[in-house]
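Everything below belongs to coords.cif, which stores mmCIF, C-alpha atoms and all ligand atoms.
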```
data_my_file
#
loop_
_atom_site.label_atom_id
_atom_site.label_comp_id
_atom_site.auth_asym_id
_atom_site.auth_seq_id
_atom_site.Cartn_x
_atom_site.Cartn_y
_atom_site.Cartn_z
CA MET A 1 13.94 28.55 25.59
CA PRO A 2 12.95 32.21 26.20
CA ASP A 3 10.45 32.97 28.99
CA PHE A 4 7.86 34.30 26.49
CA ASP A 5 6.99 33.98 22.80
CA ALA A 6 6.21 37.70 22.74
CA ILE A 7 6.62 40.66 25.07
CA ILE A 8 4.51 43.65 24.10
CA ALA A 9 5.41 47.10 25.41
CA GLY A 10 2.32 49.35 25.54
CA GLY A 11 -1.24 48.28 26.30
CA GLY A 12 -3.24 50.89 24.35
CA ILE A 13 -5.85 49.69 21.84
CA VAL A 14 -3.15 48.38 19.49
CA GLY A 15 -0.80 46.70 22.00
CA SER A 16 -3.57 45.02 24.01
CA SER A 17 -5.29 43.77 20.82
CA ALA A 18 -1.96 42.30 19.67
CA ALA A 19 -1.49 40.62 23.07
CA LEU A 20 -4.96 39.12 22.92
CA CYS A 21 -4.54 37.89 19.32
CA LEU A 22 -1.26 36.15 20.14
CA ALA A 23 -2.59 34.60 23.35
CA ARG A 24 -5.52 33.19 21.38
CA LEU A 25 -2.98 31.57 19.07
CA ASP A 26 -1.57 29.82 22.17
CA ARG A 27 1.52 32.02 22.43
CA ARG A 28 2.95 32.91 25.85
CA VAL A 29 2.60 36.67 26.08
CA LEU A 30 3.71 39.34 28.55
CA LEU A 31 2.15 42.81 28.26
CA VAL A 32 4.03 45.68 29.91
CA ASP A 33 2.63 49.17 30.40
CA SER A 34 3.98 52.15 32.28
CA LYS A 35 0.39 52.90 33.44
CA VAL A 36 -2.75 51.01 34.38
CA PRO A 37 -5.89 52.04 32.47
CA GLN A 38 -8.62 53.69 34.56
CA THR A 39 -10.88 51.04 36.04
CA SER A 40 -13.68 53.28 37.25
CA GLY A 41 -17.18 52.64 35.85
CA LEU A 42 -18.49 54.32 32.74
CA ASN A 43 -19.67 57.89 33.09
CA ASP A 44 -22.95 59.03 31.62
CA GLU A 45 -21.03 61.56 29.56
CA PHE A 46 -19.02 60.25 26.64
CA ASP A 47 -15.26 60.38 27.13
CA VAL A 48 -13.46 63.18 25.26
CA ARG A 49 -10.98 60.75 23.65
CA THR A 50 -12.85 58.93 20.92
CA VAL A 51 -11.89 57.11 17.74
CA ALA A 52 -13.87 56.21 14.64
CA LEU A 53 -13.34 52.51 13.98
CA SER A 54 -13.69 51.09 10.48
CA PRO A 55 -15.84 47.96 9.92
CA ARG A 56 -12.60 46.00 9.45
CA SER A 57 -11.34 47.10 12.89
CA ILE A 58 -14.70 46.30 14.48
CA ASN A 59 -14.64 42.81 12.97
CA LEU A 60 -11.22 42.21 14.51
CA LEU A 61 -12.25 43.53 17.94
CA GLU A 62 -15.49 41.53 17.89
CA SER A 63 -13.53 38.39 17.05
CA LEU A 64 -11.56 39.12 20.24
CA ASP A 65 -14.81 39.55 22.24
CA SER A 66 -13.73 43.10 23.02
CA MET A 67 -16.68 45.21 21.93
CA ALA A 68 -19.17 44.05 24.60
CA ASP A 69 -20.36 46.98 26.79
CA VAL A 70 -18.52 49.48 24.57
CA ARG A 71 -20.92 52.27 23.56
CA ARG A 72 -20.94 52.81 19.79
CA GLY A 73 -22.08 55.75 17.66
CA PRO A 74 -22.60 54.52 14.08
CA ILE A 75 -21.57 56.89 11.27
CA LYS A 76 -24.15 56.36 8.54
CA ARG A 77 -23.22 59.34 6.43
CA ILE A 78 -20.33 61.80 6.08
CA HIS A 79 -20.75 65.36 4.88
CA VAL A 80 -17.66 67.43 4.02
CA TRP A 81 -17.75 71.09 3.06
CA GLU A 82 -15.62 74.20 2.88
CA ARG A 83 -16.41 77.68 4.19
CA GLU A 84 -15.62 79.62 1.07
CA GLY A 85 -16.07 76.76 -1.38
CA THR A 86 -19.07 76.03 -3.47
CA ALA A 87 -18.66 72.26 -3.58
CA THR A 88 -19.51 69.69 -0.95
CA VAL A 89 -19.03 65.97 -0.86
CA GLY A 90 -21.20 63.38 0.85
CA PHE A 91 -20.80 59.67 1.53
CA ASP A 92 -23.68 57.40 2.52
CA ALA A 93 -23.45 53.84 3.85
CA ASN A 94 -26.64 53.02 1.87
CA GLU A 95 -24.74 53.66 -1.38
CA ILE A 96 -22.59 50.63 -0.70
CA GLY A 97 -25.18 48.53 1.10
CA ALA A 98 -23.47 48.86 4.51
CA LYS A 99 -25.11 49.63 7.87
CA ALA A 100 -22.41 52.12 8.84
CA LEU A 101 -19.23 53.60 7.38
CA ALA A 102 -17.55 53.55 10.82
CA GLU A 103 -18.45 53.58 14.52
CA VAL A 104 -17.34 56.07 17.15
CA VAL A 105 -16.16 54.56 20.45
CA GLU A 106 -14.50 55.81 23.63
CA VAL A 107 -10.78 54.97 23.81
CA SER A 108 -10.90 54.43 27.61
CA ALA A 109 -13.90 52.05 27.46
CA LEU A 110 -12.35 50.00 24.67
CA VAL A 111 -8.97 49.71 26.43
CA ARG A 112 -10.70 48.69 29.66
CA ARG A 113 -12.67 46.02 27.80
CA LEU A 114 -9.52 44.69 26.08
CA TRP A 115 -7.67 44.50 29.42
CA THR A 116 -10.60 42.62 30.98
CA SER A 117 -10.55 40.13 28.09
CA LEU A 118 -6.82 39.48 28.38
CA VAL A 119 -6.60 38.97 32.15
CA ASP A 120 -6.83 35.15 32.06
CA ARG A 121 -4.64 34.67 29.00
CA VAL A 122 -1.80 37.18 29.20
CA GLU A 123 0.68 38.02 31.96
CA VAL A 124 0.43 41.75 32.63
CA ARG A 125 2.93 44.02 34.35
CA ALA A 126 1.62 47.51 35.00
CA PRO A 127 2.64 50.02 36.09
CA SER A 128 6.13 48.85 35.13
CA THR A 129 9.28 50.28 33.66
CA ILE A 130 11.39 48.73 30.94
CA GLU A 131 14.89 49.62 32.11
CA ALA A 132 16.97 47.95 29.40
CA VAL A 133 16.60 45.94 26.20
CA GLU A 134 19.33 43.76 24.65
CA CYS A 135 18.89 41.92 21.35
CA TYR A 136 20.80 38.64 20.91
CA GLY A 137 20.65 36.14 18.04
CA GLU A 138 18.18 33.73 19.66
CA THR A 139 16.36 35.99 22.07
CA VAL A 140 15.63 39.53 23.30
CA GLU A 141 16.37 40.20 26.96
CA LEU A 142 14.59 42.93 28.90
CA VAL A 143 15.12 44.32 32.36
CA ILE A 144 11.67 45.15 33.75
CA ASP A 145 11.55 46.58 37.29
CA LYS A 146 14.99 45.01 37.90
CA ASP A 147 13.87 41.49 36.72
CA VAL A 148 15.49 39.99 33.64
CA VAL A 149 13.00 38.34 31.25
CA SER A 150 13.58 36.94 27.77
CA THR A 151 11.37 36.67 24.71
CA ALA A 152 11.52 35.30 21.16
CA CYS A 153 9.90 38.48 19.85
CA PHE A 154 9.61 41.99 21.26
CA VAL A 155 6.75 44.22 20.04
CA VAL A 156 6.89 47.98 20.68
CA ALA A 157 3.37 49.52 20.83
CA GLU A 158 4.11 52.45 23.15
CA GLY A 159 2.32 55.15 21.12
CA ARG A 160 3.78 58.30 19.64
CA GLU A 161 6.36 59.06 22.36
CA SER A 162 8.04 55.68 22.66
CA SER A 163 11.02 55.81 25.01
CA THR A 164 11.96 52.20 24.16
CA LEU A 165 12.42 53.10 20.48
CA LYS A 166 14.80 55.86 21.58
CA GLN A 167 16.57 53.43 23.89
CA LEU A 168 17.08 51.04 20.96
CA GLY A 169 18.28 53.86 18.68
CA ILE A 170 15.39 53.32 16.22
CA SER A 171 14.59 56.52 14.36
CA THR A 172 11.29 57.97 13.15
CA GLN A 173 10.98 60.65 10.49
CA ASN A 174 8.50 63.53 10.47
CA TYR A 175 6.19 63.48 7.48
CA GLY A 176 4.53 66.77 6.59
CA SER A 177 1.82 68.29 8.75
CA MET A 178 2.32 69.03 12.44
CA GLY A 179 -0.13 70.93 14.58
CA ARG A 180 -2.51 70.94 17.48
CA ALA A 181 -6.12 69.93 17.90
CA ILE A 182 -8.78 70.54 20.53
CA GLY A 183 -11.12 67.71 21.44
CA THR A 184 -14.37 67.92 23.38
CA VAL A 185 -17.89 66.51 23.55
CA ALA A 186 -20.63 68.96 22.57
CA LYS A 187 -24.41 69.01 22.84
CA THR A 188 -26.25 70.50 19.87
CA VAL A 189 -29.79 71.77 19.41
CA ASP A 190 -30.44 69.69 16.28
CA PRO A 191 -29.91 65.90 16.08
CA HIS A 192 -26.97 64.58 14.05
CA ASN A 193 -28.94 61.68 12.50
CA GLY A 194 -25.80 59.54 12.36
CA CYS A 195 -23.98 61.98 10.08
CA ALA A 196 -20.29 62.84 10.62
CA LEU A 197 -19.49 66.41 9.61
CA GLN A 198 -16.15 67.80 8.52
CA HIS A 199 -15.70 71.49 7.81
CA PHE A 200 -12.62 73.06 6.23
CA GLY A 201 -12.28 76.69 7.23
CA ASP A 202 -10.44 78.01 10.25
CA GLY A 203 -8.55 74.71 10.53
CA ILE A 204 -10.44 71.45 10.12
CA LEU A 205 -13.47 70.87 12.34
CA ALA A 206 -15.01 67.42 12.73
CA PHE A 207 -18.26 66.48 14.52
CA LEU A 208 -18.58 62.73 15.05
CA PRO A 209 -22.04 61.36 15.99
CA LEU A 210 -22.31 59.78 19.45
CA PRO A 211 -25.00 57.32 20.60
CA GLU A 212 -27.04 60.18 22.14
CA LYS A 213 -28.68 61.89 19.16
CA ARG A 214 -27.76 65.46 20.12
CA SER A 215 -24.19 64.70 21.24
CA VAL A 216 -21.10 64.89 19.06
CA SER A 217 -17.42 64.26 19.62
CA VAL A 218 -15.50 67.31 18.39
CA VAL A 219 -11.98 67.34 16.96
CA TRP A 220 -10.80 70.75 15.77
CA SER A 221 -7.32 70.85 14.17
CA LEU A 222 -6.06 74.41 14.27
CA PRO A 223 -3.28 76.76 13.24
CA ALA A 224 -1.02 77.58 16.25
CA GLY A 225 -2.22 81.12 17.09
CA ARG A 226 -5.90 80.26 16.87
CA TYR A 227 -5.37 77.12 19.02
CA ASP A 228 -3.85 79.17 21.86
CA GLN A 229 -6.66 81.72 21.70
CA LEU A 230 -9.48 79.13 21.64
CA LEU A 231 -8.09 77.18 24.59
CA THR A 232 -8.34 80.26 26.80
CA LEU A 233 -12.08 80.74 26.11
CA ASP A 234 -14.63 79.70 28.73
CA GLY A 235 -17.20 76.97 27.89
CA SER A 236 -19.94 79.21 26.51
CA ALA A 237 -17.54 81.28 24.37
CA PHE A 238 -16.01 78.08 22.99
CA ALA A 239 -19.51 76.71 22.24
CA ALA A 240 -20.28 79.95 20.37
CA ALA A 241 -17.02 79.58 18.38
CA LEU A 242 -18.10 76.06 17.44
CA THR A 243 -21.56 77.24 16.35
CA HIS A 244 -19.93 79.89 14.17
CA GLU A 245 -17.28 77.64 12.67
CA SER A 246 -19.75 74.83 11.93
CA GLU A 247 -22.04 77.37 10.23
CA SER A 248 -24.81 76.17 12.61
CA VAL A 249 -25.05 72.91 10.70
CA LEU A 250 -26.54 71.26 13.81
CA GLY A 251 -28.13 74.46 15.07
CA GLU A 252 -26.56 76.10 18.10
CA VAL A 253 -23.86 74.27 20.07
CA ALA A 254 -25.60 74.45 23.44
CA GLU A 255 -22.93 73.04 25.75
CA VAL A 256 -19.37 71.72 25.68
CA GLY A 257 -17.68 69.33 28.11
CA GLU A 258 -14.06 69.07 29.20
CA ARG A 259 -11.65 70.31 26.51
CA LEU A 260 -8.35 68.61 25.77
CA GLY A 261 -5.50 69.87 23.61
CA PHE A 262 -3.63 67.26 21.53
CA PRO A 263 -0.41 67.74 19.61
CA PHE A 264 -0.49 65.87 16.32
CA GLY A 265 1.98 65.23 13.56
CA GLN A 266 2.74 62.73 10.88
CA SER A 267 5.69 60.44 11.48
CA LEU A 268 7.01 57.13 10.22
CA VAL A 269 9.47 54.69 11.75
CA SER A 270 12.47 53.70 9.61
CA ASP A 271 11.42 50.03 9.66
CA PHE A 272 8.52 48.09 11.23
CA ASN A 273 11.03 45.26 11.91
CA PRO A 274 14.19 47.29 12.63
CA MET A 275 16.06 44.41 14.31
CA PRO A 276 15.59 40.67 13.72
CA ARG A 277 13.34 40.00 16.75
CA VAL A 278 11.82 43.45 17.19
CA LEU A 279 8.52 44.75 15.72
CA VAL A 280 7.11 48.28 15.92
CA ILE A 281 3.33 48.79 15.57
CA GLY A 282 0.52 51.32 16.14
CA ASP A 283 1.35 54.98 16.77
CA ALA A 284 4.90 53.98 17.76
CA ALA A 285 5.38 53.07 14.08
CA ARG A 286 3.45 55.87 12.40
CA THR A 287 1.18 58.76 13.30
CA VAL A 288 -1.33 60.22 10.85
CA HIS A 289 -3.16 63.55 10.67
CA PRO A 290 -6.45 63.25 12.66
CA LEU A 291 -8.36 64.46 9.58
CA ALA A 292 -8.05 60.90 8.30
CA GLY A 293 -9.50 59.29 11.44
CA GLN A 294 -7.30 56.30 10.60
CA GLY A 295 -4.62 56.03 13.32
CA VAL A 296 -6.12 53.16 15.30
CA ASN A 297 -7.44 51.53 12.16
CA LEU A 298 -3.93 51.33 10.71
CA GLY A 299 -2.60 50.06 14.06
CA LEU A 300 -5.22 47.31 14.08
CA GLU A 301 -4.18 46.40 10.53
CA ASP A 302 -0.66 45.87 11.96
CA VAL A 303 -2.21 43.53 14.53
CA GLN A 304 -4.00 41.57 11.79
CA GLY A 305 -0.68 41.31 9.94
CA ILE A 306 0.99 39.86 13.06
CA GLN A 307 -1.94 37.49 13.55
CA GLU A 308 -1.65 36.27 9.95
CA VAL A 309 2.13 35.62 10.12
CA THR A 310 1.90 33.91 13.53
CA ARG A 311 -0.97 31.69 12.43
CA HIS A 312 1.24 30.14 9.73
CA LEU A 313 4.46 30.09 11.72
CA LYS A 314 6.12 26.73 12.24
CA GLY A 315 9.05 27.81 14.43
CA ASP A 316 9.58 30.50 17.06
CA MET A 317 8.26 34.06 16.68
CA GLY A 318 11.66 35.54 15.91
CA GLU A 319 12.65 32.99 13.28
CA ASN A 320 14.98 34.27 10.55
CA ASN A 321 13.37 36.82 8.20
CA VAL A 322 9.87 35.84 9.19
CA TRP A 323 8.79 39.47 9.66
CA ARG A 324 10.45 41.06 6.61
CA ARG A 325 7.44 40.80 4.28
CA PHE A 326 5.12 42.09 7.02
CA ALA A 327 7.45 45.06 7.66
CA ILE A 328 7.80 46.01 3.98
CA ARG A 329 4.05 45.89 3.39
CA ARG A 330 3.17 47.88 6.52
CA HIS A 331 5.79 50.53 5.70
CA ALA A 332 4.44 50.89 2.16
CA ARG A 333 0.84 51.15 3.42
CA ALA A 334 1.83 53.83 5.96
CA ARG A 335 3.72 55.85 3.33
CA VAL A 336 0.72 55.88 0.97
CA MET A 337 -1.58 57.07 3.80
CA LEU A 338 0.85 59.75 5.03
CA GLN A 339 1.38 61.14 1.53
CA LEU A 340 -2.36 61.20 0.91
CA MET A 341 -3.04 63.08 4.16
CA ASP A 342 -0.22 65.51 3.47
CA PHE A 343 -1.70 66.14 0.01
CA PHE A 344 -5.21 66.78 1.46
CA ASP A 345 -3.81 69.04 4.17
CA ARG A 346 -1.76 71.12 1.70
CA THR A 347 -4.62 71.28 -0.79
CA TYR A 348 -6.98 72.61 1.84
CA ARG A 349 -4.47 75.12 3.13
CA ALA A 350 -3.86 76.56 -0.35
CA SER A 351 -5.55 79.96 -0.41
CA GLY A 352 -6.26 82.20 -3.39
CA PRO A 353 -8.80 81.86 -6.20
CA TYR A 354 -6.91 79.27 -8.29
CA GLY A 355 -6.33 76.96 -5.32
CA ARG A 356 -9.99 77.19 -4.34
CA TRP A 357 -11.15 76.60 -7.91
CA ALA A 358 -8.99 73.47 -8.31
CA ARG A 359 -10.14 72.18 -4.92
CA ASN A 360 -13.81 72.68 -5.71
CA LEU A 361 -13.41 71.01 -9.09
CA GLY A 362 -11.81 67.98 -7.41
CA VAL A 363 -14.51 67.77 -4.73
CA ARG A 364 -17.31 68.10 -7.30
CA THR A 365 -15.75 65.36 -9.42
CA VAL A 366 -15.61 62.98 -6.45
CA ASN A 367 -19.21 63.74 -5.59
CA LYS A 368 -20.45 63.16 -9.14
CA VAL A 369 -18.59 59.96 -10.02
CA PRO A 370 -20.26 57.09 -8.12
CA ALA A 371 -17.48 54.56 -8.94
CA LEU A 372 -14.84 56.88 -7.45
CA LYS A 373 -16.93 57.53 -4.34
CA TYR A 374 -17.56 53.82 -3.92
CA GLN A 375 -13.83 53.08 -3.98
CA LEU A 376 -13.03 55.92 -1.54
CA MET A 377 -15.63 54.60 0.92
CA ARG A 378 -14.31 51.03 0.67
CA GLU A 379 -10.74 52.27 1.30
CA ALA A 380 -11.79 54.29 4.36
CA MET A 381 -13.65 51.23 5.67
CA GLY A 382 -10.44 49.18 5.36
CA LEU A 383 -12.02 47.00 2.65
CA GLY A 384 -10.68 48.50 -0.61
CA PRO A 385 -7.83 47.12 -2.75
CA LEU A 386 -5.24 49.55 -1.33
CA ALA A 387 -6.19 48.75 2.28
CA THR A 388 -6.09 45.01 1.73
CA LEU A 389 -3.05 44.93 -0.61
CA TYR A 390 -0.70 45.66 2.29
C1 LIG A 401 -7.37 64.36 18.12
C2 LIG A 401 -7.21 62.96 17.64
C3 LIG A 401 -8.28 62.29 17.03
C4 LIG A 401 -8.13 60.98 16.56
N1 LIG A 401 -9.18 60.36 15.96
C5 LIG A 401 -9.04 59.10 15.46
C6 LIG A 401 -10.10 58.41 14.80
O1 LIG A 401 -11.21 58.91 14.66
N2 LIG A 401 -9.87 57.15 14.32
C7 LIG A 401 -8.65 56.54 14.45
O2 LIG A 401 -8.48 55.40 13.96
N3 LIG A 401 -7.63 57.16 15.10
C8 LIG A 401 -7.78 58.42 15.60
N4 LIG A 401 -6.74 59.04 16.24
C9 LIG A 401 -5.49 58.33 16.43
C10 LIG A 401 -5.57 57.34 17.59
O3 LIG A 401 -5.95 58.00 18.79
C11 LIG A 401 -4.21 56.66 17.77
O4 LIG A 401 -3.79 56.15 16.52
C12 LIG A 401 -4.29 55.49 18.75
O5 LIG A 401 -4.77 55.88 20.01
C13 LIG A 401 -2.92 54.83 18.90
O6 LIG A 401 -3.05 53.65 19.68
P1 LIG A 401 -1.74 52.94 20.23
O7 LIG A 401 -2.25 51.78 21.01
O8 LIG A 401 -0.78 52.69 19.13
O9 LIG A 401 -1.04 54.02 21.17
P2 LIG A 401 -1.55 54.70 22.52
O10 LIG A 401 -3.01 54.81 22.57
O11 LIG A 401 -0.76 55.96 22.64
O12 LIG A 401 -1.10 53.67 23.66
C14 LIG A 401 0.25 53.53 24.03
C15 LIG A 401 0.33 52.73 25.33
O13 LIG A 401 1.72 52.53 25.65
C16 LIG A 401 1.96 52.87 27.00
N5 LIG A 401 3.37 53.30 27.10
C17 LIG A 401 3.92 54.46 26.68
N6 LIG A 401 5.24 54.47 26.93
C18 LIG A 401 5.53 53.28 27.53
C19 LIG A 401 6.74 52.69 28.00
N7 LIG A 401 7.90 53.31 27.93
N8 LIG A 401 6.68 51.45 28.55
C20 LIG A 401 5.49 50.78 28.64
N9 LIG A 401 4.31 51.30 28.20
C21 LIG A 401 4.34 52.53 27.64
C22 LIG A 401 0.94 53.97 27.33
O14 LIG A 401 0.67 54.03 28.72
C23 LIG A 401 -0.28 53.48 26.53
O15 LIG A 401 -1.06 52.58 27.29
C24 LIG A 401 -6.87 60.33 16.71
C25 LIG A 401 -5.82 61.01 17.32
C26 LIG A 401 -5.98 62.30 17.77
C27 LIG A 401 -4.81 63.02 18.42
#
```

Could I get this file's structure written as structure tokens?
Ligand SMILES: Cc1cc2nc3c(=O)[nH]c(=O)nc-3n(C[C@H](O)[C@H](O)[C@H](O)COP(=O)(O)OP(=O)(O)OC[C@H]3O[C@@H](n4cnc5c(N)ncnc54)[C@H](O)[C@@H]3O)c2cc1C
Amino acid sequence: MPDFDAIIAGGGIVGSSAALCLARLDRRVLLVDSKVPQTSGLNDEFDVRTVALSPRSINLLESLDSMADVRRGPIKRIHVWEREGTATVGFDANEIGAKALAEVVEVSALVRRLWTSLVDRVEVRAPSTIEAVECYGETVELVIDKDVVSTACFVVAEGRESSTLKQLGISTQNYGSMGRAIGTVAKTVDPHNGCALQHFGDGILAFLPLPEKRSVSVVWSLPAGRYDQLLTLDGSAFAAALTHESESVLGEVAEVGERLGFPFGQSLVSDFNPMPRVLVIGDAARTVHPLAGQGVNLGLEDVQGIQEVTRHLKGDMGENNVWRRFAIRRHARARVMLQLMDFFDRTYRASGPYGRWARNLGVRTVNKVPALKYQLMREAMGLGPLATLY
């Protein structure tokens, strides 16, 4: 019998949620990470790395007791507009009888909370290095810090730069948009009132509401030249650039915190179950344009898929063909999302009067047809037919 039912490589939000889910289903789990998450206490300032979690993701994390002490900024409304466009689109949680469309949380706080929850249930090795992986018929063998350990199922959740995928010769394909984004936390003169703002102009600028009413998490996806120039600005010049780009929608941006540059791109793994006992999930499996705000949400859908299969499993976790249906569905779901994001990105980059006219017509149509808006909101919340089909 292998040493573990599952070994999970990567303890980010997705990998540690998967570890916790499997442990709660009485599986023997080992979680391996090359780093240990920061354990220092929470700062007063919100962390620069944030994610907007859909209600579906929050339900999963709450069922794992992993949202306690995690500060949450509810998104009650979303307002999207374009600099030179005439049309805007707005979404409101009230329109579908929900309290919030999503909630903004700090990545570091959530990971810390997940690691605290899994301490008693999951064996953890961190910081550790996976030196080799060999797949056999009945088991997968790993060499971790010179120890040989075996598992019925090996789950790769190492994020976008997975060295284990490379080691196993598993390929990922780039899918449309690549670029860079700047993230920061900003203080504004006017309160956000729980509204997330997304502006299409010089790149795509998003303000996500934080628990403090005049604080927003900023993600600005930019063309290459403009990215380089903006990163060299000092704090006050960058704040002024944000005020200008946001068309002072929250008044002046009074202050910005630490700024981080992120590369982003869309990619998709060839198969979520590329070898009989190997699964790939989270950003290791696919990365999506940040304009969607869906990366973690899709990763947590993978976790729910694993939870569902395992719950009904009679034999071991690598049993013949047990993961094929899961892999096909997750691949199809990722492809739909990547194509949609690529379409939005191209549409918004199309310049010229005809492109703008078509774009504005589309936006106005969405805004004026309540049934269409309702469906779009349900999909983004992870509750629509497309989100639940896969
Ligand atoms: C600017 C920006 C904004 C975003 N906003 C949102 C949003 O609003 N909503 C949303 O849903 N998503 C958002 N995303 C995407 C989201 O951040 C990612 O989808 C998510 O963090 C991926 O989680 P993960 O656990 O799969 O990977 P990661 O968070 O990358 O975690 C990977 C883990 O694996 C470990 N690891 C790496 N290599 C190894 C190895 N060789 N061996 C062992 N361990 C290893 C790492 O230390 C890490 O702990 C955004 C992304 C960006 C760039």

Any residue with an atom at most 7 Å from ligand LIG 401 (chain A) counts, using only C-alpha atoms and all ligand atoms. Which are they? Put them as number ranges by chain. A: 9-15, 32-35, 50-53, 128-130, 157-164, 181-183, 219, 262-264, 281-284, 287, 290, 293-299

Shortest contact to Gly194 (chain A), candidates A:Gln167, A:Arg113, A:Leu22, A:Pro74, atoms counted only C-alpha atoms, goes to A:Pro74

Which residue is closest to Leu260 (chain A)? Choose from A:Ala237, A:Val48, A:Ile144, A:Leu313 and count only C-alpha atoms. A:Val48

Excluding Asp120 (chain A) and any residue of its chain fewer than 4 positions from it, enumerate the residues within 12 Å of it, using only C-alpha atoms, and give them as a list in words. Ala19, Leu20, Ala23, Arg24, Arg28, Val29, Leu30, Leu114, Trp115, Thr116 and Val124 of chain A

Could you name the residues that touch region 93-102 of chain A at 9 Å or less, counting all atoms listed in the file, but leaving out those on the same chain fewer than 4 positions away, as a PyMOL selection string? chain A and resi 52-55+58+73-78+194+370+374+377-378+380-381

Keeping C-alpha atoms for every residue in the selection just given, could you write it to a file as a PDB file, keeping the file's coordinate frame?
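Result file is part_2.pdb:
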```
ATOM      1  CA  ALA A  52     -13.870  56.210  14.640  1.00  0.00           C
ATOM      2  CA  LEU A  53     -13.340  52.510  13.980  1.00  0.00           C
ATOM      3  CA  SER A  54     -13.690  51.090  10.480  1.00  0.00           C
ATOM      4  CA  PRO A  55     -15.840  47.960   9.920  1.00  0.00           C
ATOM      5  CA  ILE A  58     -14.700  46.300  14.480  1.00  0.00           C
ATOM      6  CA  GLY A  73     -22.080  55.750  17.660  1.00  0.00           C
ATOM      7  CA  PRO A  74     -22.600  54.520  14.080  1.00  0.00           C
ATOM      8  CA  ILE A  75     -21.570  56.890  11.270  1.00  0.00           C
ATOM      9  CA  LYS A  76     -24.150  56.360   8.540  1.00  0.00           C
ATOM     10  CA  ARG A  77     -23.220  59.340   6.430  1.00  0.00           C
ATOM     11  CA  ILE A  78     -20.330  61.800   6.080  1.00  0.00           C
ATOM     12  CA  GLY A 194     -25.800  59.540  12.360  1.00  0.00           C
ATOM     13  CA  PRO A 370     -20.260  57.090  -8.120  1.00  0.00           C
ATOM     14  CA  TYR A 374     -17.560  53.820  -3.920  1.00  0.00           C
ATOM     15  CA  MET A 377     -15.630  54.600   0.920  1.00  0.00           C
ATOM     16  CA  ARG A 378     -14.310  51.030   0.670  1.00  0.00           C
ATOM     17  CA  ALA A 380     -11.790  54.290   4.360  1.00  0.00           C
ATOM     18  CA  MET A 381     -13.650  51.230   5.670  1.00  0.00           C
TER      19      MET A 381
END
```

List the spatial neighbours of Gly179 (chain A) as a PDB file with C-alpha atoms, in the coordinates of the input - criterion: any atom at most 8 Å away, all atoms listed in the file, same-chain residues fewer than 4 positions off excluded.
```pdb
ATOM      1  CA  SER A 221      -7.320  70.850  14.170  1.00  0.00           C
ATOM      2  CA  LEU A 222      -6.060  74.410  14.270  1.00  0.00           C
ATOM      3  CA  PRO A 223      -3.280  76.760  13.240  1.00  0.00           C
ATOM      4  CA  ALA A 224      -1.020  77.580  16.250  1.00  0.00           C
ATOM      5  CA  PRO A 263      -0.410  67.740  19.610  1.00  0.00           C
ATOM      6  CA  PHE A 264      -0.490  65.870  16.320  1.00  0.00           C
ATOM      7  CA  GLY A 265       1.980  65.230  13.560  1.00  0.00           C
TER       8      GLY A 265
END
```
